[in-house]
Every structure is written in C-alpha cells, then in structure tokens.
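J.: If you scroll down you'll find the structure; I have some questions about it.
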Amino acid sequence: MATAYGTVSDLYAPENRGGALGFVSSMATVGPLVGPILGGFIATAWGWRATFLATASLGGLFLILHMLFGAETFRDVKRWDGGAADSVETDGDEGIAVDALRSSGEGAGTEVDYSEIPKGECRQLVVETESDATGVSTTAANKKQLHPLLVVFRLLGVDFVLFTSLCAAVGFSVMFAIQTIMPILFLEVYDFNASQTGLSYLAGGFMNAVSALVAGRTSDYFYKRARQQRMKRARGAQLESATGNENEHGMPEDRFTPWTFVNSFFIVPFGTILFGWSIYARVHIGVPIAAFGFVCFGFTDSVLTSSAYLVDATAAYGRASSATSAANLFRMVLACVLSVIATPWVRAIGVQWLCTLFAGLSVLSGLGLLGLKWAGPKMRARSSSVFAKSSNPKQ
C-alpha cells in the first residue's frame, strides 16, 4: 500500500489524487472480500495449512508480475539513464516536459505544477545540480541518504504524521478487532463453521470497496471546492510565494470533508453498537452482518482520508511512500495489540460493552481528525525542517 500510494502521488495531480487513491484502495479491499471466503473453503477442504500455501503462491505470482511489468514512476534521469541533469526531457509524442524538483535551496519541498501533465501520465524526476562548499557540482542522487527504515521511524517523530497515523490507527484497529472476534462469536452464538464465517465477511468487504470509491470522489470534490473558495477570497490580493502554491492547488487539510466526520461521529458508532448488542440479544444473523458492513464503510473512509492527507502533505518532499509506511506500521502494531486483547475483553465485559467502547474510540478518532483539520497547517509548518533533515542526514 505504501508503494501504491507513492505511485499515485507521482502520477496524479492533487485535485485528482483522491479518486485515484480511492480506486487503488477499493481494489485492495478485494483481498479482505475474497480472502475469508476462499480461506474458509480451503481450510474446510484441505486444512488450515493450505491457506498459507495459497497466500504465499499468490504473493509470489504478483511479485513476479510487478517486477516484470511494473514501470518506474518517479525516475531519477541523472542517476539511472545517464542523462544530463540540467536538460529538459520530453515525454513521448505529447511533448510534455517532465517535472523538475529542486533538491536543495529555496525550491526544496515545493509542489510541482501538474497543470500541463495529463491525468495518469507517468512523470520522471530531474534532479538539478548544485555546488557544494568545494565548488564541485553534485546531485541529490549522489548524496548519502538515510536508510529507508530510519526515515520511516523519523517520520513518526513528526507531530502531524504521528497524530494522523494515530487517528487512522484507532479506526483501523477497531475494525480489525471486530474481524478477529467475529469467528468466535458466530461459532458460539450462531453455530457457524469456517465456510459460513468466511461468507459473513462478504458484506464488510463489499462496503469497504464502496466506501473507498465514495470517499475518493468526495475527497476530490471538497478539495476542489475549498481551493476555489480560497482563490475567490484571495482574488485581487497579492499572494505571497509561501502560500501561493496552496491557494493554487489546495491544502492537505481540505481532504477532511464533512462526510469524514459523519462517518466518525454517526455511522461507525451506530454500526459498532448495533453489532455488539445484536449478538448479545441473539437476534437474526443478518443484523450483525449488516452492522459490520456499516463499520467497514465508515472506517475505510477515515483511513483513506488520513492516507490522502499524508500523501498530499509529504509528496512535495518526496516522502509520500515513507509517510504512508510510517502510518501503516503504526496502524498494524495497534491493530495487533487490540486484536490480541479483544477476545479476553469479550469474556470479561461482554461483546455489547466492548463494542460500546469501540464506538467511543471512533468518536475520539473523529475528534482527532477534526482537530487536525484546524491545526494541521501550523503543525506542518513546524515540521518542514524535519523533512529537510530526513533527506540530508548531515543536517
């Protein structure tokens, strides 16, 4: 997912990026949609070990396909192609000049003008030369860089990256914890076998895909509308260079739409509470399955919106994939912890009160995103120097 989001940041302009991220995320939900279903039947027919063999086989197949046919989207022409760094390349018959992103100086970390690039067009990176203290011309590609893993951990020390990762991790962890306790609850309450439990994930997977598509489209819509409103307010005024780019392309905080908060404050709490109390009351199985669909729909929007925000906020520094990796790391660790303790909590306080607690966590996550929408610009401004240091370990 980190590589996929970084690729989208390479290929799409900010105003079209939300829809592209939504499409990528909707395809990623095919796994949670189909996996439990196939896994249930495979485990029933050949045992649980066969599910790991099938997963490894599919992973190896797609790795080979990606290595053979996956194209580089953020290519360093100077390093990989031996081209002149100060030359301007064109992209095929379109005659589109490839992007030039300064590696240092006043131009560092500024957005690229995407207006001349067709949506989805592959872009290359031209690294401009600079002179060091000895007067020798160098390039960013030849500088010593931090190890990628160190970059990921350093980014978790950036306040807005950590805060965004935390808010998204809470929602994702709750959804993952519910997925973890579902087989146990459905076996004990409804006497479901592995195949039937796998089919019960169908509603959640479908709502994941729908939510990703809807969230991507609404994100782009509100992003463009906020940008247009901001430009109208600034019309006739002299825009400062430090803010002109955000007035032209929009601000990352515009990704947090009213729909995001509707999901966090209403849809997800409703789904989690309905899930827990319907199982406690032993109502028809369709009710908790539908409730789980509401949970997946709402939390997918929160995760996608948070990821789009991180991509927009860090793409100018070439750290979209690293920021996404940091958020994924934080999200998976918290999901692991919450999934481990979810089953003992079900035994201790009951599924109804556990899901009520999950609903409260959803509200807290929404409040965090609301605060980030308000304080995000100041947090990003304070963190700009950290991104510069992550690109140059000597600083």
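Residues in the structure tokens are numbered from 1 in each chain, the chains being A, B, ... in the order shown, and ligands are numbered from 1 in the order shown.
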Extract, using only C-alpha atoms, all DNA, RNA and protein residues at most 9 Å from Val214 (chain A), discarding same-chain residues fewer than 3 positions from it, and format them as a VMD selection string.
T.: chain A and resid 19 22 209 to 211 217 to 219 301
J.: Restricting it to N, CA, C and O atoms, dump the selection as a PDB file, in the first residue's frame.
T.:
ATOM      1  N   GLY A  19      -9.587  10.536  -5.936  1.00  0.00           N
ATOM      2  CA  GLY A  19     -10.287   9.495  -6.688  1.00  0.00           C
ATOM      3  C   GLY A  19      -9.373   8.342  -7.040  1.00  0.00           C
ATOM      4  O   GLY A  19      -9.784   7.171  -6.992  1.00  0.00           O
ATOM      5  N   GLY A  22      -8.789   6.336  -3.980  1.00  0.00           N
ATOM      6  CA  GLY A  22      -9.992   5.559  -3.698  1.00  0.00           C
ATOM      7  C   GLY A  22     -10.084   4.323  -4.559  1.00  0.00           C
ATOM      8  O   GLY A  22     -10.458   3.239  -4.083  1.00  0.00           O
ATOM      9  N   ALA A 209     -15.085  -1.647  -0.315  1.00  0.00           N
ATOM     10  CA  ALA A 209     -14.847  -1.204  -1.689  1.00  0.00           C
ATOM     11  C   ALA A 209     -15.710   0.006  -2.034  1.00  0.00           C
ATOM     12  O   ALA A 209     -15.231   0.980  -2.633  1.00  0.00           O
ATOM     13  N   VAL A 210     -16.988  -0.041  -1.666  1.00  0.00           N
ATOM     14  CA  VAL A 210     -17.883   1.083  -1.950  1.00  0.00           C
ATOM     15  C   VAL A 210     -17.416   2.346  -1.233  1.00  0.00           C
ATOM     16  O   VAL A 210     -17.379   3.446  -1.810  1.00  0.00           O
ATOM     17  N   SER A 211     -17.038   2.207   0.028  1.00  0.00           N
ATOM     18  CA  SER A 211     -16.596   3.359   0.807  1.00  0.00           C
ATOM     19  C   SER A 211     -15.336   3.976   0.225  1.00  0.00           C
ATOM     20  O   SER A 211     -15.196   5.208   0.189  1.00  0.00           O
ATOM     21  N   ARG A 217     -13.986  10.076  -4.297  1.00  0.00           N
ATOM     22  CA  ARG A 217     -14.693  11.077  -5.101  1.00  0.00           C
ATOM     23  C   ARG A 217     -15.080  12.294  -4.260  1.00  0.00           C
ATOM     24  O   ARG A 217     -14.925  13.448  -4.700  1.00  0.00           O
ATOM     25  N   THR A 218     -15.614  12.056  -3.071  1.00  0.00           N
ATOM     26  CA  THR A 218     -15.996  13.187  -2.225  1.00  0.00           C
ATOM     27  C   THR A 218     -14.772  13.982  -1.774  1.00  0.00           C
ATOM     28  O   THR A 218     -14.829  15.207  -1.645  1.00  0.00           O
ATOM     29  N   SER A 219     -13.645  13.296  -1.574  1.00  0.00           N
ATOM     30  CA  SER A 219     -12.417  13.986  -1.191  1.00  0.00           C
ATOM     31  C   SER A 219     -11.990  14.959  -2.282  1.00  0.00           C
ATOM     32  O   SER A 219     -11.657  16.121  -2.005  1.00  0.00           O
ATOM     33  N   ASP A 301     -13.433   5.031   5.110  1.00  0.00           N
ATOM     34  CA  ASP A 301     -13.374   6.450   4.772  1.00  0.00           C
ATOM     35  C   ASP A 301     -12.337   7.173   5.614  1.00  0.00           C
ATOM     36  O   ASP A 301     -11.538   7.973   5.102  1.00  0.00           O
TER      37      ASP A 301
END
J.: Write out as a PyMOL selection string which residues come within 7 Å of Phe160 (chain A) when counting only C-alpha atoms, dropping same-chain ones fewer than 2 positions away.
T.: chain A and resi 158+162-164+376+379-380
J.: Could you take the residues named above and write them with N, CA and C atoms, as a compact mmCIF listing (two decimals), in the first residue's frame?
T.:
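To be explicit, this is the file written out as result_38.txt:
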# COMPACT_ATOMS: atom_id res chain seq x y z
N VAL A 158 7.47 13.18 13.59
CA VAL A 158 6.85 14.42 13.11
C VAL A 158 5.43 14.49 13.65
N LEU A 162 2.51 11.64 13.10
CA LEU A 162 2.17 10.77 14.22
C LEU A 162 0.70 10.91 14.60
N PHE A 163 0.20 12.14 14.64
CA PHE A 163 -1.18 12.37 15.05
C PHE A 163 -2.15 11.80 14.02
N THR A 164 -1.86 12.01 12.74
CA THR A 164 -2.70 11.44 11.69
C THR A 164 -2.68 9.92 11.74
N GLY A 376 -3.76 21.57 11.48
CA GLY A 376 -2.82 20.94 10.56
C GLY A 376 -1.82 21.89 9.91
N MET A 379 0.96 22.73 12.28
CA MET A 379 1.78 21.57 12.58
C MET A 379 2.71 21.26 11.41
N ARG A 380 2.21 21.39 10.20
CA ARG A 380 3.05 21.13 9.03
C ARG A 380 4.15 22.17 8.90
J.: Need the shell around Ala169 (chain A): protein/DNA/RNA residues with any atom at most 7 Å away, counting only C-alpha atoms. Skip same-chain ones fewer than 5 positions apart. Format as a PyMOL selection string?
T.: chain A and resi 330-331+334
J.: Just the residues within 10 Å of Asn16 (chain A), please, counting only C-alpha atoms, with nothing from its chain fewer than 4 positions along; format it as a CSV table (one decimal) with N, CA, C and O atoms, in the first residue's frame.
T.:
chain,number,residue,atom,x,y,z
A,8,VAL,N,0.7,6.7,-6.8
A,8,VAL,CA,-0.4,7.7,-7.1
A,8,VAL,C,0.0,9.1,-7.0
A,8,VAL,O,-0.4,10.0,-7.8
A,9,SER,N,0.8,9.4,-5.9
A,9,SER,CA,1.3,10.8,-5.8
A,9,SER,C,2.2,11.2,-6.9
A,9,SER,O,2.3,12.4,-7.2
A,11,LEU,N,1.8,10.1,-10.1
A,11,LEU,CA,1.1,10.2,-11.4
A,11,LEU,C,-0.1,11.1,-11.4
A,11,LEU,O,-0.5,11.5,-12.5
A,12,TYR,N,-0.6,11.5,-10.3
A,12,TYR,CA,-1.8,12.3,-10.3
A,12,TYR,C,-1.7,13.7,-9.6
A,12,TYR,O,-1.0,13.8,-8.6
A,20,ALA,N,-8.1,8.7,-7.4
A,20,ALA,CA,-7.2,7.6,-7.7
A,20,ALA,C,-6.8,6.7,-6.5
A,20,ALA,O,-6.8,5.5,-6.6
A,21,LEU,N,-6.6,7.4,-5.3
A,21,LEU,CA,-6.4,6.7,-4.1
A,21,LEU,C,-7.6,5.8,-3.7
A,21,LEU,O,-7.5,4.7,-3.2
A,119,LYS,N,-3.8,13.5,-16.8
A,119,LYS,CA,-4.0,12.7,-15.6
A,119,LYS,C,-3.6,11.3,-15.9
A,119,LYS,O,-3.9,10.7,-16.9
A,120,GLY,N,-2.8,10.7,-15.0
A,120,GLY,CA,-2.3,9.4,-15.1
A,120,GLY,C,-1.0,9.2,-15.9
A,120,GLY,O,-0.5,8.1,-16.1
A,216,GLY,N,-13.0,8.6,-2.1
A,216,GLY,CA,-12.1,9.2,-3.0
A,216,GLY,C,-12.8,10.3,-3.8
A,216,GLY,O,-12.2,11.4,-4.0
A,217,ARG,N,-14.0,10.1,-4.3
A,217,ARG,CA,-14.7,11.1,-5.1
A,217,ARG,C,-15.1,12.3,-4.3
A,217,ARG,O,-14.9,13.4,-4.7
A,219,SER,N,-13.6,13.3,-1.6
A,219,SER,CA,-12.4,14.0,-1.2
A,219,SER,C,-12.0,15.0,-2.3
A,219,SER,O,-11.7,16.1,-2.0
A,220,ASP,N,-12.0,14.5,-3.5
A,220,ASP,CA,-11.6,15.4,-4.6
A,220,ASP,C,-12.6,16.5,-4.8
A,220,ASP,O,-12.2,17.7,-5.1
A,221,TYR,N,-13.9,16.2,-4.6
A,221,TYR,CA,-14.9,17.3,-4.8
A,221,TYR,C,-14.8,18.4,-3.8
A,221,TYR,O,-14.7,19.6,-4.1
A,223,TYR,N,-12.1,19.0,-2.0
A,223,TYR,CA,-10.8,19.6,-2.1
A,223,TYR,C,-10.8,20.7,-3.2
A,223,TYR,O,-10.3,21.8,-3.0
A,224,LYS,N,-11.4,20.4,-4.3
A,224,LYS,CA,-11.5,21.4,-5.4
A,224,LYS,C,-12.4,22.6,-5.0
A,224,LYS,O,-12.1,23.8,-5.3
J.: Nearest to Asp159 (chain A) among A:Leu310, A:Gly205, A:Gly350, A:Gly298, with distances taken over only C-alpha atoms: which residue is it?
T.: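 Under the stated criterion, the closest residue is A:Leu310.
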J.: What's around region 253-260 of chain A at 10 Å? Count only C-alpha atoms, leave out sequence neighbours fewer than 4 positions away in its own chain, and write the answer as a count of residues only.
T.: 40
J.: So, with only C-alpha atoms as the atoms that count, which of A:Tyr280, A:Phe52, A:Phe206, A:Tyr317 lies closest to Val34 (chain A)?
T.: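 Closest residue, counting only C-alpha atoms: A:Phe206.
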J.: Using only C-alpha atoms, can you tell me which of A:Gly60, A:Leu150, A:His66, A:Leu185 comes closest to Thr3 (chain A)?
T.: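 Of A:Gly60, A:Leu150, A:His66, A:Leu185, the one nearest Thr3 (chain A) is A:His66, counting only C-alpha atoms.
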J.: Which polymer residues have any atom within 12 Å of an atom of Ile184 (chain A), counting only C-alpha atoms, with same-chain residues fewer than 5 positions away left out, as a list in words?
T.: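 These residues fall inside the cut-off: Ala177, Ile178, Gln179, Val189, Tyr190, Asp191, Phe192, Asn193, Ala194, Thr197, Ile279, Ala342, Thr343, Pro344, Val346, Arg347 and Val351 of chain A.
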J.: Tell me, as a ChimeraX atom specification, which residues lie within 10 Å of Leu329 (chain A), counting only C-alpha atoms; anything in the same chain fewer than 5 positions away does not count.
T.: /A:152-153,156,165,169,323-324,334-335
